[in-house]
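The block underneath contains the structure these notes are about, expressed in structure tokens.
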Amino acid sequence: MLSNIQRPILASLSFKKEHFLRNLCCRSSLDAIRNTTKRHSSTLRLEQTTAYDPSAPEPIYHTLGATTKLNLFSAINAALRTAMTSDPTAILFGEDIAFGGVFRCSQGLREEFGEGRVFNTPLSENGIAGMAVGYASAGGTAIGEIQFADYIFPAMDQIVNEMAKFRYRSGNQWNCGGVTLRAPCGAVGHGGLYHSQSPEAYLAHTPGLVVVVPRGPRCAKGLLLSSIRSKDPVIFLEPKVLYRSAVQEVPDADYEIPLGKAEIMRRGTDVTILGWGAQLRTLEAACDLASNEGISCELIDLRTILPWDSRTIIESVMKTGKLIVSHEAPVTCGFGAEIVATLQQECFFCLESPIQRVCGYDLPFGLVYEKHYLPSVSKNLDAIRKVLELAK
Amino acid sequence: MIVRSSQRWTKCCLASRATTNGMASLNVANISNCDRSMSTVPLHLARSNNGMVNVLVKSTKVPRPVMILPLKQKKKDGNYSPVLGERAEAMPDHISYVGNERMPITSSLNIVKPEDDVPRGIWPVFRMMDENGMLRGNDQSTPIFSSELVHHDLDQLRSYLEQHHPLFYKEIRSSTLLYPSVHEYPDMPTQPHNTLLRAYRQMIRLRKMDTILHNAQRQGRISFYMTHHGEEGLLIGSASALNPKDYVFAQYREAGVLMWRGFTLDQFCNQCFSNDLDLGKGRQMPVHYGCRALNFQTVSSPLGTQLTQAVGAAYKFKLDAASHPEKEHIISIAYFGDGAASCIDFHSACNFASTLRVPMIFFCRNNGYAISTPVKDQYAGDGIISRAPGYGMAGIRVDGNDIFAVHAAVQEARAYAVQTSSPVMIEAMTYRQGHHSTSDDSARYRAAEEVQVATNVSDPTVRLDLFLRRFGWIDDNVATSIEDEERIAVLRAMEAAEARPDPKIEHMFEDVYHEKPPHLVRQEEELHRHLKKYDGQG
């Protein structure tokens, strides 16, 4: 709600002055951001761009040739196959990897690449993470799987203290850029406390890490290939509810999606809505319902949680003046908090209403309460209506 | 048959037995290489000019000579010189470290394989050289040494040792410590191919560097330091048995390994002083060394994390060996202490290494303490090595203060690891003579006598010094000059490092990622704007 002081002040400004002020303060922030990223010619080859560049080119899907209808685990499987074919040092390991994985992501890979490259490890997440670091430090590509993101915590010492700091502490003599740790995350309908968590906020607080969350099969393949080939260690969180239920035409070709870049899924003018992973399905549904009421929503998939693409979000909010961030993880210190803090700093005078967060409550993920815990379609629709109301 | 006796022994003898005309009885239960059926042996005592006591042993059986050799005593400035007397000298059955107070000695270099029966009871300690610097095995044969023996070169020395120590023939013959090096060692002012002398010199150098840099911290010149007192033997002994391409994953008390590989005093001091030449760009506390060129992974403070990483690197080497069997095979070695062996990564690493069958060495420095925590609060089993069979891993326990035994064990373990592509655990028993670090005062939790005994009885540098003196390589002059040269070299390096500037501030935001992402570019600009506005006040 705008305060009693703020409303009259804004109302008293003329349209031109208001517009001028909004663009002035926002533009200086944007310029600062723009100047830090180099310009480049538009090309599909990611090698020519700087890392984490919000201007990096997207794959142009219709030029990539034949596609196959794949669900998420099959798209992951395809990406793993492509990565391991193109990189002879790539190995895939974790619990239950050899028979195909509990979510079938590694199906057929041991038969194709051999037991030396696709294998089970003992049940130890810190062992999986540490082994990945060591293998990568010797020059190889290590793809480790943590069976559920809820179990990533034993590995946090290796992830936070070793993986993220490996290059920095060595003075760039050593690096573990070859590490990719994959983990299924997010609500699945019946997961309860320990099969539903989204730990991206813990990981995002760690300088040196890259954290990526795909929203569907087609972008998962491109993002996973970028992640595996990245020169930095990447944690790749796969929304498990989408493994079977999300189906898309996925190009058979080898393509990469740039890291550090958000994707605008829908253009709109009234409100910017931001999310990642499975939550985008919910947000799409809310946007559809809102458009029935004549509200034009700009829907953005963040894709890379760290380093995150603040430039795209700021540009969007400059246009719409309103922002809603929505994620499954608990609201307090969820990653939405970082986005909101940055946006209010960079776009304060552009905002027409307070930024909303539609997130999980600050509760452990109780089994029977899942439906009410999650930031649902109706909660997001309610937030959309609210920000528009407040902006009047 | 003339033997030499320690004064202490003589005193014991005199105290417990009446002497008549210089005759005294001696309780031969303490002389293991004499016939045990004798309970007392009449002795002639004669005092010689140099203060040594000659003890004549008479017995009904052919006596074996009992060798007692001089104990090194520490002079005030840390230099050593031999002082005759003081050692009771029988070849003991057991040796004692804080890590285990009573361990049987074995002269047999036997790595216990997973398919072997594991030792019942306490794991034995493999040892070649005793506290007096003598190669002695439990075959009861002990040659007489005289100070007239001079062997000028390493090959000559090795032949002599092979001839006179058949029990250790295999270990001596294959010990790379006893062969001249192919290439010149750049840090040897004389005898640049003499591997054994280089080992000795580096142990002295490490000791000097530790003493001086520890003092530098006390003077506020560096922020932190950790010494290696008492562990120089296992560091140089193990390092010299590795291939230079083997990856070393160290904990924090292994600078000797890096030193053997060629890290210079300048490089050590640059890191400790966090100056512009530090390879780590000033990002870490002192002693957190790392060197890509020498295949020494950068040290990190969290304990045990290096163990699982070593497994990963070893897995890479395993795959490389499988796809390129003609190339030389590389292993990884992870060093850790008795405390780190309690960390979760130890458990995971042992399990992964064994199930995945990776070629690596787990090298445990059991020095009796994890800061103030003695081993009795750290584990209830027989040290660390007893865990190896539980993981299906090969292992051996060695006397960590015997450089020859450590070297032989690492050589053998490395060969086994490469040949079978499987891990080997080595537990080197030793004693941490110094404090945990400059933030520690060990007098608060252990008795000075305990440290004194360990230092006097079991110091690895003393042992090697005594060994070398016997063959005429070292005398007081040589030892003193080596110590002085190294001390001066350390001081020069320290002063040079101290005088250098800090690393450039540009390095602060680099290397977090392989390329600086936009948010770090912005934050760096923020800092620069701030410094400009506030004139560098920060």
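Just so we're on the same page: first chain in the structure tokens is A, next is B, and so on; residues restart at 1 for each chain, and ligands are numbered from 1 in the order they show up.
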**Request:** With a distance cut-off of 9 Å and only C-alpha atoms, select the neighbouring residues of range 77-91 of chain A, excluding the residue or stretch itself and same-chain residues fewer than 6 positions from it, and output the selection as a PyMOL selection string.
**Result:** (chain A and resi 104-109+112-113+116-119+139-144+178+220-225+228-229+252-254) or (chain B and resi 316+319)
**Item:** Who sits within 8 Å of Pro214 in chain A, only C-alpha atoms, same chain under 4 positions skipped, as a VMD selection string
**Value:** chain A and resid 219 to 220 223 237 to 239 276 to 277 303
Generate a file of the selected residues that holds N, CA and C atoms, formatted as a PDB file, in the first residue's frame.
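Everything below was put into selection03.pdb:
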```
ATOM      1  N   CYS A 219      14.309 -26.190 -22.635  1.00  0.00           N
ATOM      2  CA  CYS A 219      15.364 -25.343 -22.060  1.00  0.00           C
ATOM      3  C   CYS A 219      16.261 -26.149 -21.142  1.00  0.00           C
ATOM      4  N   ALA A 220      15.744 -27.239 -20.566  1.00  0.00           N
ATOM      5  CA  ALA A 220      16.602 -28.052 -19.705  1.00  0.00           C
ATOM      6  C   ALA A 220      17.779 -28.611 -20.480  1.00  0.00           C
ATOM      7  N   LEU A 223      20.200 -25.686 -21.196  1.00  0.00           N
ATOM      8  CA  LEU A 223      20.828 -25.188 -19.973  1.00  0.00           C
ATOM      9  C   LEU A 223      21.782 -26.217 -19.388  1.00  0.00           C
ATOM     10  N   LEU A 237      19.416 -27.621 -10.665  1.00  0.00           N
ATOM     11  CA  LEU A 237      18.264 -28.124  -9.916  1.00  0.00           C
ATOM     12  C   LEU A 237      17.133 -28.430 -10.882  1.00  0.00           C
ATOM     13  N   GLU A 238      16.671 -29.667 -10.887  1.00  0.00           N
ATOM     14  CA  GLU A 238      15.650 -30.111 -11.843  1.00  0.00           C
ATOM     15  C   GLU A 238      14.322 -30.292 -11.124  1.00  0.00           C
ATOM     16  N   PRO A 239      13.267 -29.519 -11.514  1.00  0.00           N
ATOM     17  CA  PRO A 239      11.975 -29.673 -10.824  1.00  0.00           C
ATOM     18  C   PRO A 239      11.391 -31.056 -11.087  1.00  0.00           C
ATOM     19  N   TRP A 276      10.781 -19.201 -11.513  1.00  0.00           N
ATOM     20  CA  TRP A 276      11.702 -20.167 -12.119  1.00  0.00           C
ATOM     21  C   TRP A 276      11.180 -21.565 -11.846  1.00  0.00           C
ATOM     22  N   GLY A 277      11.648 -22.483 -12.659  1.00  0.00           N
ATOM     23  CA  GLY A 277      11.309 -23.891 -12.480  1.00  0.00           C
ATOM     24  C   GLY A 277       9.830 -24.175 -12.698  1.00  0.00           C
ATOM     25  N   ARG A 303      15.757 -18.483 -14.943  1.00  0.00           N
ATOM     26  CA  ARG A 303      16.639 -19.567 -15.442  1.00  0.00           C
ATOM     27  C   ARG A 303      17.930 -19.730 -14.639  1.00  0.00           C
TER      28      ARG A 303
END
```
Taking only C-alpha atoms into account, which residues of chain A are within 7 Å of chain B, as an mmCIF file with N, CA, C and O atoms, in the first residue's frame?
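Contents of the output file iface.cif:
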```cif
data_model
loop_
_atom_site.group_PDB
_atom_site.id
_atom_site.type_symbol
_atom_site.label_atom_id
_atom_site.label_comp_id
_atom_site.auth_asym_id
_atom_site.auth_seq_id
_atom_site.Cartn_x
_atom_site.Cartn_y
_atom_site.Cartn_z
ATOM 1 N N ILE A 33 24.639 -0.992 -15.606
ATOM 2 C CA ILE A 33 24.608 -2.428 -15.895
ATOM 3 C C ILE A 33 25.017 -2.685 -17.330
ATOM 4 O O ILE A 33 25.828 -3.565 -17.617
ATOM 5 N N THR A 36 28.692 -2.653 -18.308
ATOM 6 C CA THR A 36 29.549 -3.721 -17.812
ATOM 7 C C THR A 36 29.529 -4.944 -18.704
ATOM 8 O O THR A 36 30.331 -5.834 -18.529
ATOM 9 N N THR A 37 28.611 -4.987 -19.654
ATOM 10 C CA THR A 37 28.562 -6.176 -20.519
ATOM 11 C C THR A 37 28.931 -5.774 -21.925
ATOM 12 O O THR A 37 28.457 -4.780 -22.448
ATOM 13 N N ALA A 51 30.845 -14.404 -20.374
ATOM 14 C CA ALA A 51 30.037 -15.259 -19.527
ATOM 15 C C ALA A 51 28.940 -14.439 -18.861
ATOM 16 O O ALA A 51 29.134 -13.281 -18.548
ATOM 17 N N TYR A 52 27.806 -15.060 -18.614
ATOM 18 C CA TYR A 52 26.726 -14.442 -17.848
ATOM 19 C C TYR A 52 26.314 -13.092 -18.434
ATOM 20 O O TYR A 52 26.100 -12.128 -17.716
ATOM 21 N N THR A 121 28.089 -44.666 -6.897
ATOM 22 C CA THR A 121 28.985 -44.411 -5.776
ATOM 23 C C THR A 121 28.303 -44.911 -4.513
ATOM 24 O O THR A 121 27.093 -45.134 -4.493
ATOM 25 N N PRO A 122 29.074 -45.081 -3.441
ATOM 26 C CA PRO A 122 28.426 -45.339 -2.158
ATOM 27 C C PRO A 122 27.527 -44.159 -1.776
ATOM 28 O O PRO A 122 27.599 -43.078 -2.364
ATOM 29 N N SER A 124 26.754 -41.297 -0.197
ATOM 30 C CA SER A 124 27.420 -40.244 0.548
ATOM 31 C C SER A 124 27.467 -38.995 -0.307
ATOM 32 O O SER A 124 28.214 -38.932 -1.281
ATOM 33 N N ASN A 126 28.498 -35.957 0.469
ATOM 34 C CA ASN A 126 29.759 -35.228 0.550
ATOM 35 C C ASN A 126 30.837 -35.932 -0.261
ATOM 36 O O ASN A 126 31.707 -35.289 -0.842
ATOM 37 N N GLY A 127 30.743 -37.241 -0.327
ATOM 38 C CA GLY A 127 31.684 -37.985 -1.158
ATOM 39 C C GLY A 127 31.480 -37.690 -2.637
ATOM 40 O O GLY A 127 32.431 -37.499 -3.388
ATOM 41 N N GLY A 130 32.731 -34.086 -3.215
ATOM 42 C CA GLY A 130 34.190 -34.007 -3.123
ATOM 43 C C GLY A 130 34.862 -34.695 -4.290
ATOM 44 O O GLY A 130 35.843 -34.199 -4.848
ATOM 45 N N MET A 131 34.327 -35.834 -4.665
ATOM 46 C CA MET A 131 34.905 -36.559 -5.797
ATOM 47 C C MET A 131 34.771 -35.745 -7.075
ATOM 48 O O MET A 131 35.696 -35.695 -7.889
ATOM 49 N N ALA A 132 33.631 -35.079 -7.234
ATOM 50 C CA ALA A 132 33.444 -34.237 -8.415
ATOM 51 C C ALA A 132 34.493 -33.131 -8.445
ATOM 52 O O ALA A 132 35.098 -32.853 -9.493
ATOM 53 N N VAL A 133 34.724 -32.502 -7.310
ATOM 54 C CA VAL A 133 35.722 -31.428 -7.244
ATOM 55 C C VAL A 133 37.095 -31.953 -7.624
ATOM 56 O O VAL A 133 37.811 -31.360 -8.433
ATOM 57 N N GLY A 134 37.471 -33.078 -7.046
ATOM 58 C CA GLY A 134 38.806 -33.623 -7.308
ATOM 59 C C GLY A 134 38.971 -34.034 -8.764
ATOM 60 O O GLY A 134 40.013 -33.770 -9.379
ATOM 61 N N TYR A 135 37.967 -34.676 -9.320
ATOM 62 C CA TYR A 135 38.044 -35.113 -10.724
ATOM 63 C C TYR A 135 38.182 -33.906 -11.649
ATOM 64 O O TYR A 135 39.002 -33.890 -12.572
ATOM 65 N N SER A 137 39.343 -30.988 -10.835
ATOM 66 C CA SER A 137 40.618 -30.313 -10.612
ATOM 67 C C SER A 137 41.748 -30.994 -11.369
ATOM 68 O O SER A 137 42.777 -30.382 -11.616
ATOM 69 N N ALA A 138 41.537 -32.258 -11.724
ATOM 70 C CA ALA A 138 42.533 -32.961 -12.533
ATOM 71 C C ALA A 138 42.240 -32.804 -14.018
ATOM 72 O O ALA A 138 42.865 -33.469 -14.842
ATOM 73 N N GLY A 140 39.088 -33.052 -15.645
ATOM 74 C CA GLY A 140 37.974 -33.772 -16.235
ATOM 75 C C GLY A 140 36.649 -33.067 -16.025
ATOM 76 O O GLY A 140 36.543 -32.096 -15.291
ATOM 77 N N GLN A 158 31.614 -29.223 1.076
ATOM 78 C CA GLN A 158 32.334 -29.321 -0.193
ATOM 79 C C GLN A 158 31.868 -28.257 -1.177
ATOM 80 O O GLN A 158 32.663 -27.667 -1.903
ATOM 81 N N ARG A 167 38.791 -21.897 -7.252
ATOM 82 C CA ARG A 167 39.601 -21.109 -8.176
ATOM 83 C C ARG A 167 40.187 -19.896 -7.458
ATOM 84 O O ARG A 167 41.375 -19.587 -7.575
ATOM 85 N N TYR A 168 39.353 -19.228 -6.708
ATOM 86 C CA TYR A 168 39.757 -17.972 -6.061
ATOM 87 C C TYR A 168 40.923 -18.199 -5.105
ATOM 88 O O TYR A 168 41.933 -17.508 -5.132
ATOM 89 N N ARG A 169 40.812 -19.206 -4.239
ATOM 90 C CA ARG A 169 41.815 -19.367 -3.189
ATOM 91 C C ARG A 169 43.153 -19.809 -3.749
ATOM 92 O O ARG A 169 44.182 -19.618 -3.105
ATOM 93 N N SER A 170 43.132 -20.395 -4.936
ATOM 94 C CA SER A 170 44.388 -20.887 -5.493
ATOM 95 C C SER A 170 45.079 -19.819 -6.317
ATOM 96 O O SER A 170 46.144 -20.089 -6.881
ATOM 97 N N GLY A 171 44.490 -18.641 -6.406
ATOM 98 C CA GLY A 171 45.061 -17.625 -7.284
ATOM 99 C C GLY A 171 44.908 -18.006 -8.742
ATOM 100 O O GLY A 171 45.743 -17.651 -9.567
ATOM 101 N N ASN A 172 43.842 -18.757 -9.053
ATOM 102 C CA ASN A 172 43.578 -19.232 -10.412
ATOM 103 C C ASN A 172 44.606 -20.236 -10.920
ATOM 104 O O ASN A 172 44.717 -20.466 -12.116
ATOM 105 N N GLN A 173 45.349 -20.861 -10.003
ATOM 106 C CA GLN A 173 46.232 -21.959 -10.426
ATOM 107 C C GLN A 173 45.407 -23.215 -10.643
ATOM 108 O O GLN A 173 45.685 -24.013 -11.525
ATOM 109 N N TRP A 174 44.389 -23.401 -9.793
ATOM 110 C CA TRP A 174 43.543 -24.579 -9.861
ATOM 111 C C TRP A 174 42.097 -24.129 -10.074
ATOM 112 O O TRP A 174 41.714 -23.031 -9.657
ATOM 113 N N PRO A 207 29.172 -16.999 -3.210
ATOM 114 C CA PRO A 207 29.904 -16.485 -4.365
ATOM 115 C C PRO A 207 30.838 -17.543 -4.943
ATOM 116 O O PRO A 207 31.517 -18.240 -4.199
ATOM 117 N N GLY A 208 30.812 -17.654 -6.240
ATOM 118 C CA GLY A 208 31.656 -18.643 -6.901
ATOM 119 C C GLY A 208 30.852 -19.777 -7.498
ATOM 120 O O GLY A 208 31.352 -20.512 -8.345
ATOM 121 N N LYS A 231 32.815 -23.126 -17.427
ATOM 122 C CA LYS A 231 34.124 -23.174 -16.769
ATOM 123 C C LYS A 231 34.013 -22.897 -15.278
ATOM 124 O O LYS A 231 35.029 -22.679 -14.594
ATOM 125 N N ASP A 232 32.782 -22.853 -14.777
ATOM 126 C CA ASP A 232 32.564 -22.671 -13.353
ATOM 127 C C ASP A 232 31.726 -23.831 -12.823
ATOM 128 O O ASP A 232 30.992 -24.460 -13.579
ATOM 129 N N PRO A 307 24.908 -16.402 -11.351
ATOM 130 C CA PRO A 307 24.650 -14.974 -11.258
ATOM 131 C C PRO A 307 23.325 -14.630 -11.944
ATOM 132 O O PRO A 307 23.060 -15.131 -13.034
#
```
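The strand (DSSP E) portion of range 195-409 of chain B consists of Tyr247, Val248, Phe249, Ser332, Ile333, Ala334, Tyr335, Phe336, Gly337, Met360, Ile361, Phe362, Phe363, Cys364, Arg365, Asn366, Tyr369, Ala370, Thr373, Pro374, Ala394, Gly395, Ile396, Arg397, Val398 and Asp399 of chain B, with states taken from DSSP on the backbone.
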Output C-alpha atoms for every residue in the selection just made, as a PDB file, in the first residue's frame.
```pdb
ATOM      1  CA  TYR B 247      48.831 -34.902  -7.150  1.00  0.00           C
ATOM      2  CA  VAL B 248      49.330 -33.941  -3.521  1.00  0.00           C
ATOM      3  CA  PHE B 249      46.225 -33.092  -1.494  1.00  0.00           C
ATOM      4  CA  SER B 332      47.085 -38.944  -5.855  1.00  0.00           C
ATOM      5  CA  ILE B 333      48.207 -38.804  -2.244  1.00  0.00           C
ATOM      6  CA  ALA B 334      46.159 -37.252   0.524  1.00  0.00           C
ATOM      7  CA  TYR B 335      47.836 -36.243   3.775  1.00  0.00           C
ATOM      8  CA  PHE B 336      45.839 -35.879   6.949  1.00  0.00           C
ATOM      9  CA  GLY B 337      46.255 -36.006  10.701  1.00  0.00           C
ATOM     10  CA  MET B 360      45.916 -43.342  -4.294  1.00  0.00           C
ATOM     11  CA  ILE B 361      47.678 -43.198  -0.951  1.00  0.00           C
ATOM     12  CA  PHE B 362      45.978 -42.134   2.247  1.00  0.00           C
ATOM     13  CA  PHE B 363      48.871 -40.843   4.354  1.00  0.00           C
ATOM     14  CA  CYS B 364      47.991 -40.291   7.998  1.00  0.00           C
ATOM     15  CA  ARG B 365      50.378 -38.310  10.181  1.00  0.00           C
ATOM     16  CA  ASN B 366      49.443 -39.630  13.576  1.00  0.00           C
ATOM     17  CA  TYR B 369      47.307 -34.394  18.957  1.00  0.00           C
ATOM     18  CA  ALA B 370      44.573 -32.465  17.225  1.00  0.00           C
ATOM     19  CA  THR B 373      42.858 -33.132  21.874  1.00  0.00           C
ATOM     20  CA  PRO B 374      45.047 -36.153  22.504  1.00  0.00           C
ATOM     21  CA  ALA B 394      45.440 -52.219   2.024  1.00  0.00           C
ATOM     22  CA  GLY B 395      47.509 -50.586   4.703  1.00  0.00           C
ATOM     23  CA  ILE B 396      50.717 -50.366   6.683  1.00  0.00           C
ATOM     24  CA  ARG B 397      51.889 -48.621   9.816  1.00  0.00           C
ATOM     25  CA  VAL B 398      55.360 -47.108   9.858  1.00  0.00           C
ATOM     26  CA  ASP B 399      57.639 -45.296  12.224  1.00  0.00           C
TER      27      ASP B 399
END
```
**Prompt:** Near range 208-224 of chain B, within 6 Å and counting only C-alpha atoms, which residues show up once chain neighbours fewer than 5 positions away are dropped, as a PyMOL selection string?
**Reply:** chain B and resi 273+286+438+487+490
**Request:** Extract the full set of helix (DSSP H, G or I) residues from range 266-368 of chain B according to DSSP on the backbone, and format it as an MDAnalysis selection string.
**Result:** chainID B and resid 266:272 305:323 340:342 344:356
**Asked** Taking into account only C-alpha atoms, which residue in the set B:Glu326, B:Glu524, B:Glu495, B:Glu101 is nearest to Thr430 in chain B?
**Response**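 Using only C-alpha atoms, Thr430 in chain B sits closest to B:Glu101.
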